[in-house]
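As provided, final.tsv (TSV, C-alpha atoms and all ligand atoms) reads as follows.
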chain	number	residue	atom	x	y	z
A	1	MET	CA	-2.77	6.78	28.47
A	2	ASN	CA	-0.02	8.60	30.36
A	3	SER	CA	-0.01	12.31	31.23
A	4	LYS	CA	1.81	13.49	28.09
A	5	PRO	CA	-0.33	15.29	25.49
A	6	VAL	CA	-1.93	12.98	22.96
A	7	ARG	CA	-0.39	12.99	19.50
A	8	HIS	CA	-2.59	12.64	16.43
A	9	ILE	CA	-0.96	10.56	13.71
A	10	LEU	CA	-2.15	9.55	10.28
A	11	LEU	CA	-0.10	6.91	8.52
A	12	LEU	CA	-0.07	7.31	4.77
A	13	SER	CA	0.64	4.25	2.66
A	14	GLY	CA	0.58	5.97	-0.72
A	15	GLY	CA	-2.77	4.30	-1.34
A	16	LYS	CA	-6.17	5.83	-1.91
A	17	ASP	CA	-7.90	5.21	1.44
A	18	SER	CA	-5.24	6.68	3.72
A	19	THR	CA	-4.88	9.61	1.33
A	20	ALA	CA	-8.62	10.25	1.33
A	21	LEU	CA	-8.60	10.05	5.12
A	22	ALA	CA	-5.85	12.67	5.33
A	23	ILE	CA	-7.90	14.97	3.11
A	24	TYR	CA	-11.10	14.24	5.05
A	25	MET	CA	-9.49	14.89	8.44
A	26	ARG	CA	-7.87	18.10	7.29
A	27	ASP	CA	-11.17	19.36	5.94
A	28	HIS	CA	-13.40	18.15	8.79
A	29	HIS	CA	-11.04	18.56	11.73
A	30	PRO	CA	-8.70	21.44	10.99
A	31	GLU	CA	-8.31	21.96	14.74
A	32	LEU	CA	-6.26	18.75	15.06
A	33	VAL	CA	-2.51	19.06	14.77
A	34	MET	CA	-2.04	15.97	12.68
A	35	GLU	CA	1.30	14.30	12.05
A	36	TYR	CA	1.42	12.72	8.60
A	37	VAL	CA	3.80	9.80	8.41
A	38	PHE	CA	4.98	7.49	5.65
A	39	CYS	CA	7.15	4.42	6.32
A	40	ASP	CA	9.58	4.38	3.43
A	41	THR	CA	11.05	1.02	2.45
A	42	HIS	CA	13.06	2.73	-0.32
A	43	LYS	CA	11.52	0.09	-2.57
A	44	GLU	CA	8.33	2.00	-3.33
A	45	LEU	CA	7.12	2.78	-6.80
A	46	PRO	CA	8.20	6.08	-8.36
A	47	GLU	CA	4.50	6.95	-8.65
A	48	THR	CA	4.15	6.66	-4.87
A	49	TYR	CA	6.87	9.22	-4.24
A	50	GLU	CA	5.22	11.55	-6.77
A	51	TYR	CA	1.86	11.01	-5.10
A	52	LEU	CA	3.27	11.92	-1.68
A	53	ILE	CA	4.42	15.25	-3.09
A	54	ARG	CA	0.91	15.86	-4.44
A	55	ILE	CA	-0.61	15.00	-1.05
A	56	GLU	CA	1.79	17.28	0.78
A	57	SER	CA	0.88	20.08	-1.53
A	58	TYR	CA	-2.84	19.65	-0.80
A	59	LEU	CA	-2.35	19.27	2.94
A	60	GLY	CA	0.07	22.17	3.09
A	61	ARG	CA	2.13	20.15	5.52
A	62	PRO	CA	5.17	17.91	5.18
A	63	ILE	CA	4.90	14.14	5.42
A	64	THR	CA	7.50	12.62	7.73
A	65	LYS	CA	9.28	9.74	5.98
A	66	LEU	CA	10.40	6.99	8.28
A	67	ALA	CA	12.94	4.42	7.20
A	68	ALA	CA	14.06	1.23	8.92
A	69	GLU	CA	17.28	2.79	10.10
A	70	GLU	CA	19.74	5.40	9.04
A	71	GLY	CA	22.24	4.22	6.47
A	72	ASP	CA	21.90	0.96	4.62
A	73	ARG	CA	19.72	-1.03	7.01
A	74	GLY	CA	16.88	-1.24	4.54
A	75	PHE	CA	15.30	-4.18	2.72
A	76	ASP	CA	18.63	-5.53	1.47
A	77	HIS	CA	20.13	-5.51	4.94
A	78	PHE	CA	17.21	-7.52	6.34
A	79	LEU	CA	17.19	-9.85	3.37
A	80	THR	CA	20.76	-10.80	4.25
A	81	LEU	CA	19.76	-11.31	7.89
A	82	TYR	CA	16.96	-13.59	6.71
A	83	ARG	CA	19.49	-15.50	4.58
A	84	GLY	CA	17.93	-14.47	1.29
A	85	TYR	CA	14.52	-15.75	2.34
A	86	LEU	CA	12.14	-13.51	0.41
A	87	PRO	CA	9.15	-12.25	2.38
A	88	SER	CA	5.82	-13.83	1.54
A	89	PRO	CA	2.21	-13.72	2.79
A	90	GLN	CA	3.20	-16.40	5.32
A	91	MET	CA	6.45	-14.71	6.38
A	92	ARG	CA	6.04	-10.96	6.29
A	93	TRP	CA	9.25	-9.89	7.90
A	94	CYS	CA	9.33	-6.86	5.61
A	95	THR	CA	6.22	-5.34	7.15
A	96	ARG	CA	7.53	-5.71	10.68
A	97	GLN	CA	11.07	-4.56	9.98
A	98	LEU	CA	10.43	-1.83	7.44
A	99	LYS	CA	7.04	-0.47	8.41
A	100	ILE	CA	5.82	-1.36	11.90
A	101	GLU	CA	9.06	-1.12	13.85
A	102	PRO	CA	10.10	2.27	12.44
A	103	PHE	CA	6.61	3.54	13.20
A	104	GLU	CA	6.63	2.23	16.78
A	105	LYS	CA	10.05	3.71	17.31
A	106	TYR	CA	8.83	7.07	16.03
A	107	VAL	CA	5.87	6.99	18.41
A	108	GLY	CA	7.86	5.82	21.43
A	109	ASP	CA	5.78	5.75	24.58
A	110	ASP	CA	3.75	8.83	23.76
A	111	PRO	CA	-0.01	8.46	23.85
A	112	VAL	CA	-1.21	8.45	20.27
A	113	TYR	CA	-4.47	8.50	18.38
A	114	LEU	CA	-3.76	6.69	15.16
A	115	TYR	CA	-6.22	7.47	12.38
A	116	VAL	CA	-6.82	4.41	10.20
A	117	GLY	CA	-8.53	4.60	6.79
A	118	ILE	CA	-10.61	1.43	6.94
A	119	ARG	CA	-13.90	2.19	5.22
A	120	ALA	CA	-17.43	1.51	6.36
A	121	ASP	CA	-17.88	-1.05	3.54
A	122	GLU	CA	-14.85	-3.12	4.62
A	123	HIS	CA	-14.81	-5.95	7.08
A	124	ARG	CA	-11.12	-6.21	7.76
A	125	GLU	CA	-9.52	-5.79	11.14
A	126	GLY	CA	-7.66	-2.61	11.82
A	127	PHE	CA	-4.68	-3.13	14.07
A	128	ILE	CA	-1.39	-1.73	12.84
A	129	SER	CA	0.29	-1.83	16.22
A	130	THR	CA	-0.73	-3.50	19.44
A	131	LYS	CA	1.27	-1.13	21.65
A	132	PRO	CA	-1.03	-0.02	24.46
A	133	ASN	CA	-0.20	3.68	24.02
A	134	ILE	CA	-1.51	3.62	20.42
A	135	THR	CA	-5.26	3.92	20.14
A	136	PRO	CA	-6.62	3.31	16.64
A	137	LEU	CA	-9.52	5.45	15.43
A	138	TYR	CA	-11.65	4.74	12.36
A	139	PRO	CA	-13.24	7.99	11.15
A	140	PHE	CA	-14.49	6.47	7.86
A	141	LYS	CA	-16.25	3.64	9.65
A	142	GLU	CA	-17.85	6.07	12.06
A	143	ALA	CA	-18.97	8.42	9.29
A	144	GLY	CA	-20.23	5.60	7.02
A	145	ILE	CA	-17.74	6.47	4.28
A	146	ASN	CA	-17.51	3.81	1.60
A	147	LYS	CA	-15.36	3.22	-1.45
A	148	GLU	CA	-17.41	5.47	-3.68
A	149	ASP	CA	-17.13	8.30	-1.14
A	150	VAL	CA	-13.36	7.82	-1.09
A	151	PHE	CA	-13.16	8.26	-4.85
A	152	ARG	CA	-15.33	11.37	-4.55
A	153	ILE	CA	-13.10	12.85	-1.83
A	154	LEU	CA	-10.03	12.28	-3.99
A	155	GLN	CA	-11.67	13.67	-7.08
A	156	ASP	CA	-13.14	16.76	-5.41
A	157	SER	CA	-9.82	17.61	-3.76
A	158	GLY	CA	-7.95	17.38	-7.07
A	159	VAL	CA	-5.47	14.96	-5.50
A	160	ASP	CA	-7.00	12.12	-7.51
A	161	LEU	CA	-5.57	8.62	-7.61
A	162	PRO	CA	-1.91	7.70	-7.73
A	163	GLU	CA	-0.67	7.12	-11.27
A	164	TYR	CA	0.05	3.46	-10.59
A	165	TYR	CA	-3.70	2.90	-10.42
A	166	GLU	CA	-3.63	2.53	-14.19
A	167	TRP	CA	-2.00	-0.86	-13.82
A	168	ARG	CA	-2.03	-1.76	-10.14
A	169	THR	CA	-4.59	-1.34	-7.39
A	170	ARG	CA	-2.41	-1.38	-4.30
A	171	SER	CA	0.31	0.75	-2.83
A	172	GLY	CA	3.50	-0.84	-1.53
A	173	CYS	CA	6.89	-1.97	-2.71
A	174	TYR	CA	7.38	-2.52	-6.43
A	175	PHE	CA	8.11	-6.19	-5.70
A	176	CYS	CA	5.26	-6.69	-3.24
A	177	PHE	CA	4.26	-10.36	-3.20
A	178	PHE	CA	0.62	-9.37	-2.80
A	179	GLN	CA	0.53	-8.27	-6.44
A	180	ARG	CA	-1.61	-10.14	-8.89
A	181	LYS	CA	0.10	-11.69	-11.88
A	182	ILE	CA	-1.38	-9.06	-14.15
A	183	GLU	CA	0.20	-6.42	-11.92
A	184	TRP	CA	3.60	-8.06	-12.36
A	185	VAL	CA	3.00	-7.80	-16.10
A	186	GLY	CA	2.08	-4.15	-15.51
A	187	LEU	CA	5.35	-3.61	-13.62
A	188	MET	CA	7.28	-5.21	-16.47
A	189	GLU	CA	5.61	-2.91	-19.00
A	190	THR	CA	5.66	0.28	-16.94
A	191	HIS	CA	8.93	-0.03	-15.04
A	192	PRO	CA	11.10	-2.63	-16.80
A	193	ASP	CA	14.06	-1.58	-14.64
A	194	LYS	CA	12.12	-2.28	-11.43
A	195	PHE	CA	10.93	-5.59	-12.85
A	196	GLU	CA	14.54	-6.56	-13.52
A	197	GLU	CA	15.51	-5.51	-9.99
A	198	ALA	CA	12.70	-7.67	-8.57
A	199	LYS	CA	13.84	-10.54	-10.75
A	200	ALA	CA	17.40	-10.22	-9.44
A	201	TYR	CA	16.18	-10.98	-5.91
A	202	GLU	CA	14.82	-14.39	-6.92
A	203	LYS	CA	16.67	-17.68	-6.63
A	204	PRO	CA	14.29	-20.07	-8.34
A	205	GLU	CA	16.68	-23.01	-7.97
A	206	GLU	CA	16.34	-22.61	-4.18
A	207	GLY	CA	12.60	-22.01	-4.37
A	208	TYR	CA	12.84	-18.26	-3.64
A	209	THR	CA	10.41	-16.58	-6.01
A	210	TRP	CA	8.02	-13.66	-5.49
A	211	VAL	CA	5.11	-15.52	-7.04
A	212	GLN	CA	4.46	-18.96	-5.70
A	213	GLY	CA	5.43	-21.67	-8.17
A	214	GLU	CA	6.56	-19.33	-10.95
A	215	SER	CA	9.67	-17.22	-11.38
A	216	LEU	CA	9.52	-13.74	-12.86
A	217	ASP	CA	11.68	-15.01	-15.68
A	218	GLU	CA	8.95	-17.52	-16.57
A	219	LEU	CA	6.18	-14.99	-16.04
A	220	SER	CA	7.85	-12.48	-18.38
A	221	ARG	CA	8.05	-14.81	-21.38
A	222	PRO	CA	5.92	-13.30	-24.16
A	223	GLU	CA	3.49	-16.21	-24.43
A	224	ARG	CA	3.05	-16.42	-20.65
A	225	ALA	CA	2.59	-12.64	-20.25
A	226	GLN	CA	0.01	-12.72	-23.05
A	227	GLU	CA	-1.82	-15.57	-21.37
A	228	ILE	CA	-1.98	-13.55	-18.14
A	229	ARG	CA	-3.31	-10.51	-20.01
A	230	GLU	CA	-6.00	-12.61	-21.66
A	231	GLN	CA	-7.03	-14.25	-18.38
A	232	ASP	CA	-7.31	-10.86	-16.75
A	233	ALA	CA	-9.35	-9.41	-19.61
A	234	LYS	CA	-11.70	-12.37	-19.33
A	235	ARG	CA	-12.03	-11.92	-15.57
A	236	LYS	CA	-12.80	-8.23	-15.94
A	237	ALA	CA	-15.37	-8.93	-18.65
A	238	GLN	CA	-17.10	-11.47	-16.42
A	239	VAL	CA	-17.22	-9.05	-13.49
A	240	ALA	CA	-18.45	-6.22	-15.74
A	241	ALA	CA	-21.20	-8.42	-17.21
A	242	LYS	CA	-22.61	-8.97	-13.74
A	243	ARG	CA	-22.47	-5.30	-12.90
A	244	LYS	CA	-25.24	-2.78	-12.49
A	245	PRO	CA	-24.90	0.60	-14.24
A	246	ARG	CA	-21.45	2.12	-14.05
A	247	THR	CA	-20.56	3.57	-10.71
A	248	LEU	CA	-18.40	6.53	-9.87
A	249	VAL	CA	-15.71	4.06	-8.78
A	250	GLU	CA	-15.52	2.52	-12.23
A	251	MET	CA	-15.74	5.83	-14.06
A	252	PHE	CA	-13.01	7.32	-11.95
A	253	SER	CA	-10.61	4.42	-11.85
A	254	GLY	CA	-11.17	3.42	-15.46
A	255	GLU	CA	-11.49	-0.20	-14.53
A	256	VAL	CA	-13.60	-2.63	-12.68
A	257	ALA	CA	-12.03	-2.06	-9.32
A	258	GLU	CA	-12.15	-5.42	-7.66
A	259	GLU	CA	-10.08	-5.19	-4.56
A	260	ASP	CA	-9.84	-8.37	-2.63
A	261	ASP	CA	-7.22	-7.54	-0.06
A	262	GLY	CA	-6.12	-11.17	0.15
A	263	GLY	CA	-4.93	-10.64	3.70
A	264	ALA	CA	-2.62	-7.81	2.66
A	265	CYS	CA	-0.89	-5.69	5.29
A	266	LEU	CA	-2.86	-2.73	6.52
A	267	ILE	CA	0.19	-0.54	7.05
A	268	CYS	CA	1.31	-1.01	3.43
A	269	HIS	CA	-1.93	-1.07	1.51
A	270	LEU	CA	-4.47	1.37	2.88
B	301	LIG	S1	4.45	-3.49	0.45
B	301	LIG	FE1	4.57	-5.72	0.38
B	301	LIG	S2	6.78	-6.14	0.15
B	301	LIG	FE2	6.60	-4.00	0.88
B	301	LIG	S3	6.75	-4.09	3.09
B	301	LIG	FE3	4.57	-4.22	2.59
B	301	LIG	S4	4.08	-6.41	2.44
B	301	LIG	FE4	6.32	-6.18	2.35
Would you mind writing the file out in structure tokens?
Ligand code: SF4
Amino acid sequence: MNSKPVRHILLLSGGKDSTALAIYMRDHHPELVMEYVFCDTHKELPETYEYLIRIESYLGRPITKLAAEEGDRGFDHFLTLYRGYLPSPQMRWCTRQLKIEPFEKYVGDDPVYLYVGIRADEHREGFISTKPNITPLYPFKEAGINKEDVFRILQDSGVDLPEYYEWRTRSGCYFCFFQRKIEWVGLMETHPDKFEEAKAYEKPEEGYTWVQGESLDELSRPERAQEIREQDAKRKAQVAAKRKPRTLVEMFSGEVAEEDDGGACLICHL
């Protein structure tokens, strides 16, 4: 660390864990002058923008929105640079260009404590940036806070869950390739305009699709969408049948909240 004062930064993704951490830190460490930051791809769900307003209102502080660059250098600009090659779990240029780089630029060389909302019941790694001046801290891990505690924090604060939780479990861009097929169906039903916009990015004839091996055009056909709904209902029923009595998580989220992160990006999906 250099001699400059240490900045305290909490990166919000629009998801439940980073939101709960912001609430927790405000309530448990009011002495910290926390900077709340959101990396805006301009391709987020409308519910995410609404949620950020709700969070700001609880925190009583503004959330700084960082974008890739001023002007038009957003997702579409980088997509052109990458010759139309859609990002994928194997090639996540979107995360680097639209989330990590704007964040690292914002931080500069200042010494920073970065508060990361990985819970005590998770086993994933927690590096968002490997810059040496950024030191990650994991308050939930240290305090033993698990998923159920997170739901309780959100409920008690009145901030609750983002509205998209009714049909999707992760924050991030409306076209995020980490979505499950049932979540694509949810996007089609909830935001048909966004679904069409996602579809317009695909070039199936060149193999550029958001979902591996299936275009959104194919996925949206009534019989295919129905098949996906039925498969998901079956999966949920199987998980529920194995379950113990209902937990706060299930009562609060209204669903069996299975959340395999599938290697998803920490900066987008906390
Ligand atoms: S939410 Fe998904 S699509 Fe958006 S930047 Fe993150 S990984 Fe990429």
task: Have a look at atom CA of Leu52 of chain A and atom CA of Gly172 of chain A and let me know their distance in Å, one decimal.
output: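 Value for the atom CA of Leu52 of chain A-atom CA of Gly172 of chain A distance: 12.8 Å.
Around ligand LIG 301 (chain B), the neighbouring residues within 8 Å, taking all atoms listed in the file, come to Thr41, Lys43, Glu44, Pro87, Ser88, Pro89, Arg92, Trp93, Cys94, Thr95, Arg96, Leu98, Lys99, Ser171, Gly172, Cys173, Tyr174, Phe175, Cys176, Phe177, Phe178, Ala264, Cys265, Ile267, Cys268 and His269 of chain A.
Nearest to Ile118 of chain A of all the residues A:Ala200, A:Leu81, A:Leu11, A:Leu66 is A:Leu11, based on all atoms listed in the file.
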Near Lys181 of chain A, counting all atoms listed in the file, which residues have an atom at most 9 Å away, once you skip same-chain residues fewer than 2 positions from it, shown as a PDB file with C-alpha atoms, in the frame of the given file?
ATOM      1  CA  GLN A 179       0.530  -8.270  -6.440  1.00  0.00           C
ATOM      2  CA  GLU A 183       0.200  -6.420 -11.920  1.00  0.00           C
ATOM      3  CA  TRP A 184       3.600  -8.060 -12.360  1.00  0.00           C
ATOM      4  CA  VAL A 185       3.000  -7.800 -16.100  1.00  0.00           C
ATOM      5  CA  GLY A 186       2.080  -4.150 -15.510  1.00  0.00           C
ATOM      6  CA  VAL A 211       5.110 -15.520  -7.040  1.00  0.00           C
ATOM      7  CA  LEU A 219       6.180 -14.990 -16.040  1.00  0.00           C
ATOM      8  CA  ALA A 225       2.590 -12.640 -20.250  1.00  0.00           C
ATOM      9  CA  ILE A 228      -1.980 -13.550 -18.140  1.00  0.00           C
ATOM     10  CA  ARG A 229      -3.310 -10.510 -20.010  1.00  0.00           C
ATOM     11  CA  ASP A 232      -7.310 -10.860 -16.750  1.00  0.00           C
TER      12      ASP A 232
END
query: In Å, with one decimal, what is the gap from atom CA of Arg124 of chain A to atom CA of Gly74 of chain A?
result: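 Separation between atom CA of Arg124 of chain A and atom CA of Gly74 of chain A: 28.6 Å.
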statement: Pairwise distance, atom CA of Glu205 of chain A with atom CA of Arg170 of chain A, equals 29.1 Å
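Remark: for Tyr165 of chain A, the closest of the candidate residues A:Leu12, A:Arg119, A:Val6, A:Glu47 is A:Glu47 (distances computed over all atoms listed in the file).
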